[in-house]
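Reproduced below: protein36.pdb, with PDB, C-alpha atoms.
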ATOM      1  CA  MET A  40      10.610 -24.528 -59.449
ATOM      2  CA  ILE A  41      10.575 -26.820 -62.443
ATOM      3  CA  GLN A  42      13.233 -25.595 -64.875
ATOM      4  CA  THR A  43      14.107 -28.587 -67.067
ATOM      5  CA  LYS A  44      12.238 -31.354 -68.865
ATOM      6  CA  GLU A  45      14.015 -33.892 -66.659
ATOM      7  CA  GLN A  46      12.698 -32.189 -63.519
ATOM      8  CA  LEU A  47       9.210 -32.108 -65.032
ATOM      9  CA  ARG A  48       9.383 -35.804 -65.914
ATOM     10  CA  HIS A  49      10.637 -36.664 -62.416
ATOM     11  CA  VAL A  50       7.867 -34.718 -60.657
ATOM     12  CA  LEU A  51       5.172 -36.183 -62.905
ATOM     13  CA  GLU A  52       6.436 -39.713 -62.221
ATOM     14  CA  ILE A  53       6.256 -39.118 -58.460
ATOM     15  CA  GLU A  54       2.732 -37.761 -58.699
ATOM     16  CA  GLU A  55       1.622 -40.615 -60.979
ATOM     17  CA  LYS A  56       2.594 -42.983 -58.171
ATOM     18  CA  ILE A  57       0.707 -40.917 -55.588
ATOM     19  CA  TYR A  58      -2.512 -40.775 -57.583
ATOM     20  CA  GLY A  59      -2.211 -44.315 -58.947
ATOM     21  CA  LYS A  60      -2.395 -43.520 -62.665
ATOM     22  CA  LYS A  61      -4.679 -45.887 -64.585
ATOM     23  CA  TRP A  62      -5.146 -46.423 -68.314
ATOM     24  CA  TYR A  63      -8.336 -44.325 -68.391
ATOM     25  CA  TYR A  64      -6.701 -41.180 -66.890
ATOM     26  CA  ASN A  65      -5.940 -39.825 -70.370
ATOM     27  CA  LEU A  66      -9.530 -40.091 -71.596
ATOM     28  CA  PRO A  67     -11.238 -36.749 -72.323
ATOM     29  CA  VAL A  68     -14.003 -37.605 -69.806
ATOM     30  CA  MET A  69     -13.041 -37.555 -66.136
ATOM     31  CA  LEU A  70     -14.503 -40.595 -64.398
ATOM     32  CA  THR A  71     -12.983 -40.740 -60.924
ATOM     33  CA  GLU A  72     -11.911 -38.399 -58.143
ATOM     34  CA  TYR A  73      -8.270 -39.435 -58.387
ATOM     35  CA  GLN A  74      -8.351 -38.949 -62.157
ATOM     36  CA  ILE A  75      -9.432 -35.328 -61.606
ATOM     37  CA  LEU A  76      -6.784 -34.777 -58.916
ATOM     38  CA  TYR A  77      -4.082 -36.316 -61.119
ATOM     39  CA  LYS A  78      -5.048 -34.171 -64.110
ATOM     40  CA  HIS A  79      -5.027 -31.084 -61.891
ATOM     41  CA  MET A  80      -1.479 -31.810 -60.724
ATOM     42  CA  LYS A  81      -0.359 -32.672 -64.266
ATOM     43  CA  TYR A  82      -1.638 -29.342 -65.634
ATOM     44  CA  LEU A  83      -0.176 -27.468 -62.648
ATOM     45  CA  ARG A  84       3.279 -28.966 -63.229
ATOM     46  CA  LYS A  85       3.207 -28.425 -66.987
ATOM     47  CA  ALA A  86       2.049 -24.814 -66.512
ATOM     48  CA  GLU A  87       4.890 -24.261 -64.009
ATOM     49  CA  TYR A  88       7.454 -25.648 -66.440
ATOM     50  CA  ALA A  89       6.120 -23.598 -69.359
ATOM     51  CA  ALA A  90       5.851 -20.385 -67.297
ATOM     52  CA  ASN A  91       9.350 -20.779 -65.828
ATOM     53  CA  ASN A  92      10.803 -21.172 -69.328
ATOM     54  CA  GLY A  93       8.761 -18.459 -71.065
ATOM     55  CA  LYS A  94       6.973 -20.892 -73.371
ATOM     56  CA  LEU A  95       3.738 -19.948 -75.108
ATOM     57  CA  SER A  96       2.202 -23.274 -74.089
ATOM     58  CA  ARG A  97       1.832 -21.858 -70.568
ATOM     59  CA  TYR A  98      -1.419 -20.211 -71.652
ATOM     60  CA  TRP A  99      -2.841 -23.534 -72.844
ATOM     61  CA  TYR A 100      -1.962 -25.258 -69.561
ATOM     62  CA  LEU A 101      -3.170 -22.317 -67.490
ATOM     63  CA  VAL A 102      -6.582 -22.462 -69.162
ATOM     64  CA  LYS A 103      -6.821 -26.219 -68.565
ATOM     65  CA  LEU A 104      -5.653 -25.760 -64.962
ATOM     66  CA  LEU A 105      -8.056 -22.911 -64.224
ATOM     67  CA  ARG A 106     -10.981 -24.912 -65.606
ATOM     68  CA  ILE A 107     -10.343 -27.706 -63.102
ATOM     69  CA  GLN A 108      -9.568 -25.312 -60.249
ATOM     70  CA  THR A 109     -12.724 -23.285 -60.807
ATOM     71  CA  ARG A 110     -14.960 -26.328 -61.122
ATOM     72  CA  TYR A 111     -13.685 -28.001 -57.951
ATOM     73  CA  GLY A 112     -12.837 -25.037 -55.689
ATOM     74  CA  ILE A 113      -9.078 -25.461 -55.767
ATOM     75  CA  SER A 114      -6.714 -22.485 -55.666
ATOM     76  CA  ILE A 115      -3.060 -23.462 -55.921
ATOM     77  CA  PRO A 116      -0.826 -20.921 -57.692
ATOM     78  CA  LEU A 117       2.202 -21.843 -59.765
ATOM     79  CA  ASN A 118       5.525 -22.604 -58.024
ATOM     80  CA  VAL A 119       4.075 -22.848 -54.514
ATOM     81  CA  VAL A 120       3.984 -26.612 -53.838
ATOM     82  CA  GLU A 121       6.979 -28.910 -54.151
ATOM     83  CA  GLU A 122       6.994 -32.418 -55.620
ATOM     84  CA  GLY A 123       4.799 -35.107 -54.123
ATOM     85  CA  PHE A 124       1.991 -32.758 -53.052
ATOM     86  CA  GLU A 125      -1.145 -34.807 -52.415
ATOM     87  CA  MET A 126      -4.756 -33.735 -52.163
ATOM     88  CA  VAL A 127      -6.645 -36.632 -50.633
ATOM     89  CA  HIS A 128     -10.154 -35.751 -51.865
ATOM     90  CA  LEU A 129     -11.831 -33.221 -54.093
ATOM     91  CA  GLY A 130     -12.898 -30.092 -52.267
ATOM     92  CA  SER A 131     -11.808 -26.607 -51.490
ATOM     93  CA  VAL A 132      -8.039 -26.238 -51.040
ATOM     94  CA  ILE A 133      -6.770 -22.661 -51.018
ATOM     95  CA  ILE A 134      -3.088 -21.742 -50.891
ATOM     96  CA  ASN A 135      -1.737 -18.193 -50.988
ATOM     97  CA  ALA A 136       0.700 -17.351 -53.785
ATOM     98  CA  LYS A 137       3.363 -16.285 -51.265
ATOM     99  CA  ALA A 138       3.247 -19.524 -49.261
ATOM    100  CA  LYS A 139       5.779 -22.316 -49.720
ATOM    101  CA  VAL A 140       4.738 -25.936 -49.213
ATOM    102  CA  GLY A 141       7.461 -28.568 -48.909
ATOM    103  CA  ARG A 142       7.800 -31.958 -50.543
ATOM    104  CA  TYR A 143       5.341 -34.783 -49.928
ATOM    105  CA  CYS A 144       2.740 -32.746 -48.069
ATOM    106  CA  ARG A 145      -0.741 -34.196 -47.772
ATOM    107  CA  VAL A 146      -3.831 -31.997 -47.479
ATOM    108  CA  HIS A 147      -7.531 -32.659 -47.086
ATOM    109  CA  PRO A 148     -10.524 -30.613 -48.298
ATOM    110  CA  GLY A 149     -11.255 -27.321 -46.572
ATOM    111  CA  VAL A 150      -7.590 -26.459 -45.997
ATOM    112  CA  VAL A 151      -6.557 -22.820 -46.245
ATOM    113  CA  ILE A 152      -2.924 -21.730 -46.217
ATOM    114  CA  GLY A 153      -3.142 -17.970 -46.188
ATOM    115  CA  ALA A 154      -1.163 -14.787 -45.733
ATOM    116  CA  ASN A 155      -1.435 -12.252 -42.968
ATOM    117  CA  HIS A 156      -0.224  -8.773 -43.955
ATOM    118  CA  ASP A 157       1.623 -10.115 -47.008
ATOM    119  CA  LYS A 158       3.504 -12.754 -45.012
ATOM    120  CA  ALA A 159       2.650 -16.373 -45.727
ATOM    121  CA  PRO A 160       3.597 -19.703 -44.110
ATOM    122  CA  VAL A 161       6.572 -21.847 -45.018
ATOM    123  CA  ILE A 162       5.597 -25.477 -44.531
ATOM    124  CA  GLY A 163       8.184 -28.246 -44.230
ATOM    125  CA  GLU A 164       8.353 -31.674 -45.825
ATOM    126  CA  HIS A 165       6.048 -34.624 -45.094
ATOM    127  CA  VAL A 166       3.477 -32.420 -43.340
ATOM    128  CA  TYR A 167      -0.084 -33.682 -42.893
ATOM    129  CA  ILE A 168      -2.843 -31.062 -42.834
ATOM    130  CA  GLY A 169      -6.231 -32.404 -41.754
ATOM    131  CA  PRO A 170      -9.686 -31.501 -43.104
ATOM    132  CA  GLY A 171     -10.695 -27.888 -42.570
ATOM    133  CA  ALA A 172      -7.379 -26.789 -41.047
ATOM    134  CA  LYS A 173      -6.274 -23.184 -41.446
ATOM    135  CA  VAL A 174      -2.608 -22.154 -41.478
ATOM    136  CA  PHE A 175      -1.817 -18.469 -41.839
ATOM    137  CA  GLY A 176       0.631 -15.715 -41.047
ATOM    138  CA  ASP A 177       4.376 -15.291 -41.040
ATOM    139  CA  ILE A 178       5.090 -18.753 -39.613
ATOM    140  CA  ARG A 179       7.234 -21.811 -40.194
ATOM    141  CA  VAL A 180       6.077 -25.393 -39.815
ATOM    142  CA  ALA A 181       8.785 -28.030 -39.268
ATOM    143  CA  ASP A 182       9.075 -31.305 -41.159
ATOM    144  CA  GLU A 183       6.757 -34.240 -40.377
ATOM    145  CA  VAL A 184       4.270 -32.127 -38.415
ATOM    146  CA  GLN A 185       0.656 -33.261 -38.273
ATOM    147  CA  ILE A 186      -2.023 -30.568 -38.114
ATOM    148  CA  GLY A 187      -5.375 -31.919 -36.956
ATOM    149  CA  ALA A 188      -8.816 -31.425 -38.441
ATOM    150  CA  ASN A 189     -10.224 -27.889 -38.087
ATOM    151  CA  ALA A 190      -7.089 -26.660 -36.320
ATOM    152  CA  VAL A 191      -6.127 -23.006 -36.680
ATOM    153  CA  LEU A 192      -2.359 -22.568 -36.743
ATOM    154  CA  ASN A 193      -1.075 -18.999 -36.506
ATOM    155  CA  LYS A 194       2.213 -19.571 -34.609
ATOM    156  CA  SER A 195       5.376 -21.282 -35.792
ATOM    157  CA  CYS A 196       6.091 -24.883 -34.883
ATOM    158  CA  GLU A 197       9.805 -25.685 -35.121
ATOM    159  CA  GLU A 198       9.536 -29.115 -33.472
ATOM    160  CA  LYS A 199       9.921 -31.923 -35.990
ATOM    161  CA  GLY A 200       7.137 -34.495 -35.749
ATOM    162  CA  ALA A 201       4.812 -32.443 -33.544
ATOM    163  CA  VAL A 202       1.067 -33.073 -33.516
ATOM    164  CA  LEU A 203      -0.981 -29.861 -33.450
ATOM    165  CA  VAL A 204      -4.711 -29.631 -32.707
ATOM    166  CA  GLY A 205      -7.284 -27.097 -31.572
ATOM    167  CA  VAL A 206      -8.157 -23.453 -31.991
ATOM    168  CA  PRO A 207      -5.600 -21.934 -31.743
ATOM    169  CA  ALA A 208      -3.503 -24.986 -32.508
ATOM    170  CA  GLY A 209      -1.311 -26.305 -29.739
ATOM    171  CA  ARG A 210       1.103 -29.200 -29.506
ATOM    172  CA  ILE A 211      -0.303 -32.302 -27.862
ATOM    173  CA  LYS A 212       2.651 -34.626 -28.410
ATOM    174  CA  SER A 213       5.613 -35.478 -30.587
ATOM    175  CA  ARG A 214       5.537 -38.418 -32.917
ATOM    176  CA  ASP A 215       8.245 -40.969 -32.176
TER     177      ASP A 215
END
For this file, produce the structure as C-alpha coordinates.
Amino acid sequence: MIQTKEQLRHVLEIEEKIYGKKWYYNLPVMLTEYQILYKHMKYLRKAEYAANNGKLSRYWYLVKLLRIQTRYGISIPLNVVEEGFEMVHLGSVIINAKAKVGRYCRVHPGVVIGANHDKAPVIGEHVYIGPGAKVFGDIRVADEVQIGANAVLNKSCEEKGAVLVGVPAGRIKSRD
(Lines of atoms letter the chains of each structure in order from A and count residues from 1; the text may use other names and numbers.)
(Lines give C-alpha, C1' and ligand atoms only; values in the text may rest on other atoms or scores of the structure.)
Protein backbone atom coordinates (compact mmCIF):
# COMPACT_ATOMS: atom_id res chain seq x y z
CA MET A 1 0.00 0.00 0.00
CA ILE A 2 1.28 3.42 -0.96
CA GLN A 3 1.10 5.63 2.13
CA THR A 4 3.59 8.46 1.53
CA LYS A 5 4.58 10.73 -1.33
CA GLU A 6 8.06 9.21 -1.25
CA GLN A 7 6.62 5.72 -1.76
CA LEU A 8 4.46 7.03 -4.61
CA ARG A 9 7.46 8.70 -6.25
CA HIS A 10 9.54 5.53 -5.87
CA VAL A 11 6.87 3.27 -7.41
CA LEU A 12 6.26 5.67 -10.29
CA GLU A 13 10.00 5.82 -11.04
CA ILE A 14 10.19 2.02 -11.18
CA GLU A 15 7.22 1.81 -13.51
CA GLU A 16 8.56 4.60 -15.73
CA LYS A 17 11.62 2.42 -16.30
CA ILE A 18 9.47 -0.63 -17.07
CA TYR A 19 7.30 1.15 -19.62
CA GLY A 20 10.13 3.26 -21.04
CA LYS A 21 8.60 6.71 -20.52
CA LYS A 22 9.02 9.00 -23.54
CA TRP A 23 8.46 12.73 -23.93
CA TYR A 24 5.07 12.22 -25.61
CA TYR A 25 3.58 10.14 -22.73
CA ASN A 26 2.11 13.27 -21.13
CA LEU A 27 0.25 14.38 -24.26
CA PRO A 28 -3.56 14.29 -23.99
CA VAL A 29 -3.72 11.90 -26.99
CA MET A 30 -2.51 8.35 -26.41
CA LEU A 31 -0.35 7.26 -29.33
CA THR A 32 1.26 3.96 -28.36
CA GLU A 33 0.43 0.79 -26.47
CA TYR A 34 3.09 1.40 -23.84
CA GLN A 35 1.86 4.97 -23.38
CA ILE A 36 -1.60 3.60 -22.53
CA LEU A 37 -0.16 0.97 -20.17
CA TYR A 38 2.04 3.57 -18.46
CA LYS A 39 -0.86 5.98 -17.98
CA HIS A 40 -2.97 3.15 -16.58
CA MET A 41 -0.32 2.31 -13.98
CA LYS A 42 0.24 6.00 -13.18
CA TYR A 43 -3.48 6.56 -12.50
CA LEU A 44 -3.69 3.30 -10.52
CA ARG A 45 -0.80 4.34 -8.26
CA LYS A 46 -2.07 7.89 -7.77
CA ALA A 47 -5.58 6.59 -6.98
CA GLU A 48 -4.08 4.15 -4.44
CA TYR A 49 -2.12 6.93 -2.76
CA ALA A 50 -5.12 9.27 -2.65
CA ALA A 51 -7.51 6.55 -1.42
CA ASN A 52 -5.10 5.36 1.28
CA ASN A 53 -4.76 8.91 2.60
CA GLY A 54 -8.43 9.93 2.34
CA LYS A 55 -7.78 12.64 -0.25
CA LEU A 56 -10.57 13.99 -2.43
CA SER A 57 -8.36 13.65 -5.50
CA ARG A 58 -9.00 9.90 -5.37
CA TYR A 59 -12.26 10.46 -7.26
CA TRP A 60 -10.45 12.28 -10.07
CA TYR A 61 -7.88 9.49 -10.43
CA LEU A 62 -10.52 6.78 -10.14
CA VAL A 63 -12.48 8.30 -13.02
CA LYS A 64 -9.34 8.52 -15.17
CA LEU A 65 -8.38 4.96 -14.20
CA LEU A 66 -11.83 3.52 -14.89
CA ARG A 67 -11.93 5.18 -18.31
CA ILE A 68 -8.74 3.37 -19.36
CA GLN A 69 -9.76 0.10 -17.70
CA THR A 70 -13.17 0.07 -19.35
CA ARG A 71 -11.83 0.95 -22.78
CA TYR A 72 -9.13 -1.73 -22.77
CA GLY A 73 -10.70 -4.54 -20.71
CA ILE A 74 -8.45 -4.22 -17.69
CA SER A 75 -9.72 -4.86 -14.16
CA ILE A 76 -7.10 -4.25 -11.49
CA PRO A 77 -8.46 -2.98 -8.15
CA LEU A 78 -6.58 -0.63 -5.86
CA ASN A 79 -3.90 -2.02 -3.51
CA VAL A 80 -3.70 -5.45 -5.15
CA VAL A 81 -0.46 -5.30 -7.17
CA GLU A 82 2.92 -4.37 -5.73
CA GLU A 83 5.55 -2.17 -7.38
CA GLY A 84 7.00 -3.14 -10.73
CA PHE A 85 3.83 -4.82 -12.04
CA GLU A 86 4.08 -5.12 -15.82
CA MET A 87 1.41 -5.75 -18.41
CA VAL A 88 3.19 -6.70 -21.61
CA HIS A 89 0.41 -5.84 -24.09
CA LEU A 90 -3.02 -4.28 -24.09
CA GLY A 91 -5.80 -6.79 -23.57
CA SER A 92 -7.99 -8.25 -20.93
CA VAL A 93 -6.29 -8.61 -17.54
CA ILE A 94 -8.64 -9.36 -14.65
CA ILE A 95 -7.51 -9.53 -11.02
CA ASN A 96 -9.81 -10.15 -8.06
CA ALA A 97 -9.86 -7.50 -5.33
CA LYS A 98 -8.87 -10.07 -2.69
CA ALA A 99 -5.81 -11.33 -4.58
CA LYS A 100 -2.28 -10.17 -3.77
CA VAL A 101 0.32 -9.92 -6.53
CA GLY A 102 3.97 -9.53 -5.54
CA ARG A 103 6.64 -7.19 -6.83
CA TYR A 104 7.88 -7.28 -10.42
CA CYS A 105 5.24 -9.65 -11.77
CA ARG A 106 4.74 -9.77 -15.52
CA VAL A 107 1.40 -10.66 -17.09
CA HIS A 108 0.15 -11.06 -20.63
CA PRO A 109 -3.33 -10.44 -22.09
CA GLY A 110 -6.09 -12.87 -21.19
CA VAL A 111 -4.83 -13.47 -17.64
CA VAL A 112 -7.40 -13.97 -14.90
CA ILE A 113 -6.46 -14.08 -11.23
CA GLY A 114 -9.71 -14.93 -9.52
CA ALA A 115 -11.27 -15.99 -6.25
CA ASN A 116 -12.95 -19.24 -5.41
CA HIS A 117 -15.45 -18.98 -2.54
CA ASP A 118 -14.03 -15.64 -1.40
CA LYS A 119 -10.45 -16.93 -1.26
CA ALA A 120 -8.01 -15.49 -3.77
CA PRO A 121 -4.41 -16.30 -4.75
CA VAL A 122 -1.29 -14.83 -3.21
CA ILE A 123 1.35 -14.55 -5.91
CA GLY A 124 5.04 -14.14 -5.10
CA GLU A 125 7.66 -11.83 -6.57
CA HIS A 126 9.11 -12.00 -10.09
CA VAL A 127 6.32 -14.30 -11.32
CA TYR A 128 5.66 -14.61 -15.06
CA ILE A 129 2.08 -15.35 -16.12
CA GLY A 130 1.71 -16.26 -19.79
CA PRO A 131 -1.08 -15.28 -22.20
CA GLY A 132 -4.50 -16.63 -21.29
CA ALA A 133 -3.42 -18.21 -18.00
CA LYS A 134 -5.96 -18.56 -15.20
CA VAL A 135 -4.96 -18.60 -11.52
CA PHE A 136 -7.72 -19.01 -8.96
CA GLY A 137 -8.61 -20.28 -5.52
CA ASP A 138 -7.06 -20.22 -2.09
CA ILE A 139 -3.51 -20.83 -3.33
CA ARG A 140 0.02 -19.51 -2.98
CA VAL A 141 2.50 -19.15 -5.81
CA ALA A 142 6.19 -19.00 -4.85
CA ASP A 143 8.69 -16.43 -6.11
CA GLU A 144 10.13 -16.66 -9.64
CA VAL A 145 7.50 -19.13 -10.86
CA GLN A 146 6.65 -19.18 -14.56
CA ILE A 147 3.07 -20.03 -15.52
CA GLY A 148 2.73 -21.01 -19.17
CA ALA A 149 0.27 -19.81 -21.77
CA ASN A 150 -3.33 -20.98 -21.22
CA ALA A 151 -2.40 -22.84 -18.04
CA VAL A 152 -5.04 -23.24 -15.34
CA LEU A 153 -3.51 -23.11 -11.87
CA ASN A 154 -5.79 -24.07 -8.99
CA LYS A 155 -3.25 -25.65 -6.59
CA SER A 156 -0.45 -24.00 -4.64
CA CYS A 157 3.11 -24.07 -5.91
CA GLU A 158 5.62 -23.51 -3.10
CA GLU A 159 8.69 -24.38 -5.19
CA LYS A 160 10.71 -21.30 -6.08
CA GLY A 161 11.49 -21.10 -9.79
CA ALA A 162 9.06 -23.79 -10.92
CA VAL A 163 7.69 -23.84 -14.46
CA LEU A 164 3.97 -24.69 -14.61
CA VAL A 165 2.04 -25.62 -17.76
CA GLY A 166 -1.15 -27.38 -18.78
CA VAL A 167 -4.72 -27.80 -17.67
CA PRO A 168 -4.64 -28.27 -14.72
CA ALA A 169 -1.19 -26.77 -14.39
CA GLY A 170 1.61 -29.09 -13.38
CA ARG A 171 5.30 -28.59 -12.78
CA ILE A 172 7.52 -29.58 -15.68
CA LYS A 173 10.85 -28.42 -14.27
CA SER A 174 12.61 -25.98 -11.98
CA ARG A 175 14.55 -23.08 -13.36
CA ASP A 176 18.21 -23.13 -12.37
message = Here is a test: counting all atoms listed in the file, which residue of A:Val119, A:Met69, A:Val50, A:Ile113 is nearest to Lys85 of chain A?
response =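 Closest to Lys85 of chain A, using all atoms listed in the file: A:Val50.
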query = Taking all atoms listed in the file into account, which of A:Leu129, A:Ala208, A:Leu192, A:Ala86 comes nearest Tyr111 of chain A?
reply =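 Ranked by minimum distance to Tyr111 of chain A, first place goes to A:Leu129.
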message = Under the PyMOL selection byres ((chain A and resi 157-174) around 7), which residues of this model are included? Write them out as a PyMOL selection string.
response = chain A and resi 137-156+175-193
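Take atom CA of Arg84 of chain A and atom CA of Ile41 of chain A: the distance between them is 7.6 Å.
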inquiry  = Starting from the PyMOL selection byres ((chain A and resi 78) around 10), expand the selection into actual residues of this file and give them as a count of residues only.
reply    = 20
task = Apply the PyMOL selection byres ((chain A and resi 42) around 7) to the displayed file and report the matching residues as a PyMOL selection string.
result = chain A and resi 40-41+43+46+88+91-92
request  = Can you work out the spacing between atom CA of Ala136 of chain A and atom CA of Asn118 of chain A in Å, to one decimal?
outcome  =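 Result for atom CA of Ala136 of chain A versus atom CA of Asn118 of chain A: 8.3 Å, one decimal.
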For Leu51 of chain A, the nearest of the candidates A:Gly130, A:Gly200, A:Gly205, A:Gly123, counting only C-alpha atoms = A:Gly123
Centre and edge lengths, as lines of an AutoDock Vina configuration file, for the axis-aligned box enclosing every listed atom of segment 47-53 of chain A with 4 Å of padding on each of the six sides, in Å to one decimal?
center_x = 7.9
center_y = -35.9
center_z = -62.2
size_x = 13.5
size_y = 15.6
size_z = 15.5
Among the residues A:Ser96, A:Ser114, A:Ser195, A:Gln108, the one that comes closest to Val132 of chain A [using only C-alpha atoms] = A:Ser114
query = Rounded to one decimal in Å, what is the spacing between atom CA of Phe124 of chain A and atom CA of Glu54 of chain A?
reply =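 Atom-to-atom, atom CA of Phe124 of chain A to atom CA of Glu54 of chain A, that is 7.6 Å.
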request  = Find the residue from A:Arg48, A:Ile134, A:Gly59, A:Lys194 that sits nearest to Val206 of chain A; use all atoms listed in the file when measuring.
outcome  = A:Lys194
Can you take the partial segment 99-126 of chain A, add N, CA and C atoms, and return it as a PDB file, in the coordinates of the input?
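As written to disk, rebuild13.pdb reads:
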ATOM      1  N   TRP A  99      -2.012 -22.347 -72.642  1.00  0.00           N
ATOM      2  CA  TRP A  99      -2.841 -23.534 -72.844  1.00  0.00           C
ATOM      3  C   TRP A  99      -3.014 -24.286 -71.526  1.00  0.00           C
ATOM      4  N   TYR A 100      -1.889 -24.523 -70.829  1.00  0.00           N
ATOM      5  CA  TYR A 100      -1.962 -25.258 -69.561  1.00  0.00           C
ATOM      6  C   TYR A 100      -2.641 -24.447 -68.465  1.00  0.00           C
ATOM      7  N   LEU A 101      -2.473 -23.145 -68.483  1.00  0.00           N
ATOM      8  CA  LEU A 101      -3.170 -22.317 -67.490  1.00  0.00           C
ATOM      9  C   LEU A 101      -4.685 -22.365 -67.666  1.00  0.00           C
ATOM     10  N   VAL A 102      -5.138 -22.360 -68.906  1.00  0.00           N
ATOM     11  CA  VAL A 102      -6.582 -22.462 -69.162  1.00  0.00           C
ATOM     12  C   VAL A 102      -7.108 -23.808 -68.685  1.00  0.00           C
ATOM     13  N   LYS A 103      -6.404 -24.887 -69.018  1.00  0.00           N
ATOM     14  CA  LYS A 103      -6.821 -26.219 -68.565  1.00  0.00           C
ATOM     15  C   LYS A 103      -6.816 -26.299 -67.038  1.00  0.00           C
ATOM     16  N   LEU A 104      -5.779 -25.756 -66.417  1.00  0.00           N
ATOM     17  CA  LEU A 104      -5.653 -25.760 -64.962  1.00  0.00           C
ATOM     18  C   LEU A 104      -6.776 -24.949 -64.310  1.00  0.00           C
ATOM     19  N   LEU A 105      -7.021 -23.771 -64.815  1.00  0.00           N
ATOM     20  CA  LEU A 105      -8.056 -22.911 -64.224  1.00  0.00           C
ATOM     21  C   LEU A 105      -9.450 -23.504 -64.379  1.00  0.00           C
ATOM     22  N   ARG A 106      -9.683 -24.238 -65.455  1.00  0.00           N
ATOM     23  CA  ARG A 106     -10.981 -24.912 -65.606  1.00  0.00           C
ATOM     24  C   ARG A 106     -11.217 -25.899 -64.474  1.00  0.00           C
ATOM     25  N   ILE A 107     -10.209 -26.720 -64.182  1.00  0.00           N
ATOM     26  CA  ILE A 107     -10.343 -27.706 -63.102  1.00  0.00           C
ATOM     27  C   ILE A 107     -10.429 -27.003 -61.755  1.00  0.00           C
ATOM     28  N   GLN A 108      -9.570 -25.998 -61.536  1.00  0.00           N
ATOM     29  CA  GLN A 108      -9.568 -25.312 -60.249  1.00  0.00           C
ATOM     30  C   GLN A 108     -10.896 -24.605 -59.981  1.00  0.00           C
ATOM     31  N   THR A 109     -11.451 -23.982 -60.982  1.00  0.00           N
ATOM     32  CA  THR A 109     -12.724 -23.285 -60.807  1.00  0.00           C
ATOM     33  C   THR A 109     -13.859 -24.263 -60.552  1.00  0.00           C
ATOM     34  N   ARG A 110     -13.889 -25.346 -61.276  1.00  0.00           N
ATOM     35  CA  ARG A 110     -14.960 -26.328 -61.122  1.00  0.00           C
ATOM     36  C   ARG A 110     -14.957 -26.986 -59.745  1.00  0.00           C
ATOM     37  N   TYR A 111     -13.770 -27.225 -59.190  1.00  0.00           N
ATOM     38  CA  TYR A 111     -13.685 -28.001 -57.951  1.00  0.00           C
ATOM     39  C   TYR A 111     -13.235 -27.198 -56.732  1.00  0.00           C
ATOM     40  N   GLY A 112     -13.145 -25.880 -56.839  1.00  0.00           N
ATOM     41  CA  GLY A 112     -12.837 -25.037 -55.689  1.00  0.00           C
ATOM     42  C   GLY A 112     -11.406 -25.131 -55.205  1.00  0.00           C
ATOM     43  N   ILE A 113     -10.486 -25.345 -56.125  1.00  0.00           N
ATOM     44  CA  ILE A 113      -9.078 -25.461 -55.767  1.00  0.00           C
ATOM     45  C   ILE A 113      -8.371 -24.181 -56.189  1.00  0.00           C
ATOM     46  N   SER A 114      -7.496 -23.670 -55.320  1.00  0.00           N
ATOM     47  CA  SER A 114      -6.714 -22.485 -55.666  1.00  0.00           C
ATOM     48  C   SER A 114      -5.270 -22.720 -55.240  1.00  0.00           C
ATOM     49  N   ILE A 115      -4.474 -23.218 -56.174  1.00  0.00           N
ATOM     50  CA  ILE A 115      -3.060 -23.462 -55.921  1.00  0.00           C
ATOM     51  C   ILE A 115      -2.279 -22.748 -57.023  1.00  0.00           C
ATOM     52  N   PRO A 116      -1.593 -21.658 -56.690  1.00  0.00           N
ATOM     53  CA  PRO A 116      -0.826 -20.921 -57.692  1.00  0.00           C
ATOM     54  C   PRO A 116       0.404 -21.693 -58.161  1.00  0.00           C
ATOM     55  N   LEU A 117       0.996 -21.220 -59.227  1.00  0.00           N
ATOM     56  CA  LEU A 117       2.202 -21.843 -59.765  1.00  0.00           C
ATOM     57  C   LEU A 117       3.381 -21.658 -58.809  1.00  0.00           C
ATOM     58  N   ASN A 118       4.262 -22.639 -58.769  1.00  0.00           N
ATOM     59  CA  ASN A 118       5.525 -22.604 -58.024  1.00  0.00           C
ATOM     60  C   ASN A 118       5.358 -22.406 -56.515  1.00  0.00           C
ATOM     61  N   VAL A 119       4.302 -22.954 -55.955  1.00  0.00           N
ATOM     62  CA  VAL A 119       4.075 -22.848 -54.514  1.00  0.00           C
ATOM     63  C   VAL A 119       4.285 -24.191 -53.828  1.00  0.00           C
ATOM     64  N   VAL A 120       3.860 -25.285 -54.455  1.00  0.00           N
ATOM     65  CA  VAL A 120       3.984 -26.612 -53.838  1.00  0.00           C
ATOM     66  C   VAL A 120       5.114 -27.388 -54.501  1.00  0.00           C
ATOM     67  N   GLU A 121       5.872 -28.097 -53.668  1.00  0.00           N
ATOM     68  CA  GLU A 121       6.979 -28.910 -54.151  1.00  0.00           C
ATOM     69  C   GLU A 121       6.458 -30.273 -54.629  1.00  0.00           C
ATOM     70  N   GLU A 122       7.357 -31.108 -55.092  1.00  0.00           N
ATOM     71  CA  GLU A 122       6.994 -32.418 -55.620  1.00  0.00           C
ATOM     72  C   GLU A 122       6.327 -33.289 -54.568  1.00  0.00           C
ATOM     73  N   GLY A 123       5.451 -34.161 -55.019  1.00  0.00           N
ATOM     74  CA  GLY A 123       4.799 -35.107 -54.123  1.00  0.00           C
ATOM     75  C   GLY A 123       3.618 -34.544 -53.372  1.00  0.00           C
ATOM     76  N   PHE A 124       3.150 -33.361 -53.719  1.00  0.00           N
ATOM     77  CA  PHE A 124       1.991 -32.758 -53.052  1.00  0.00           C
ATOM     78  C   PHE A 124       0.768 -33.627 -53.314  1.00  0.00           C
ATOM     79  N   GLU A 125       0.011 -33.926 -52.266  1.00  0.00           N
ATOM     80  CA  GLU A 125      -1.145 -34.807 -52.415  1.00  0.00           C
ATOM     81  C   GLU A 125      -2.396 -34.196 -51.810  1.00  0.00           C
ATOM     82  N   MET A 126      -3.416 -34.076 -52.644  1.00  0.00           N
ATOM     83  CA  MET A 126      -4.756 -33.735 -52.163  1.00  0.00           C
ATOM     84  C   MET A 126      -5.502 -35.053 -52.047  1.00  0.00           C
TER      85      MET A 126
END
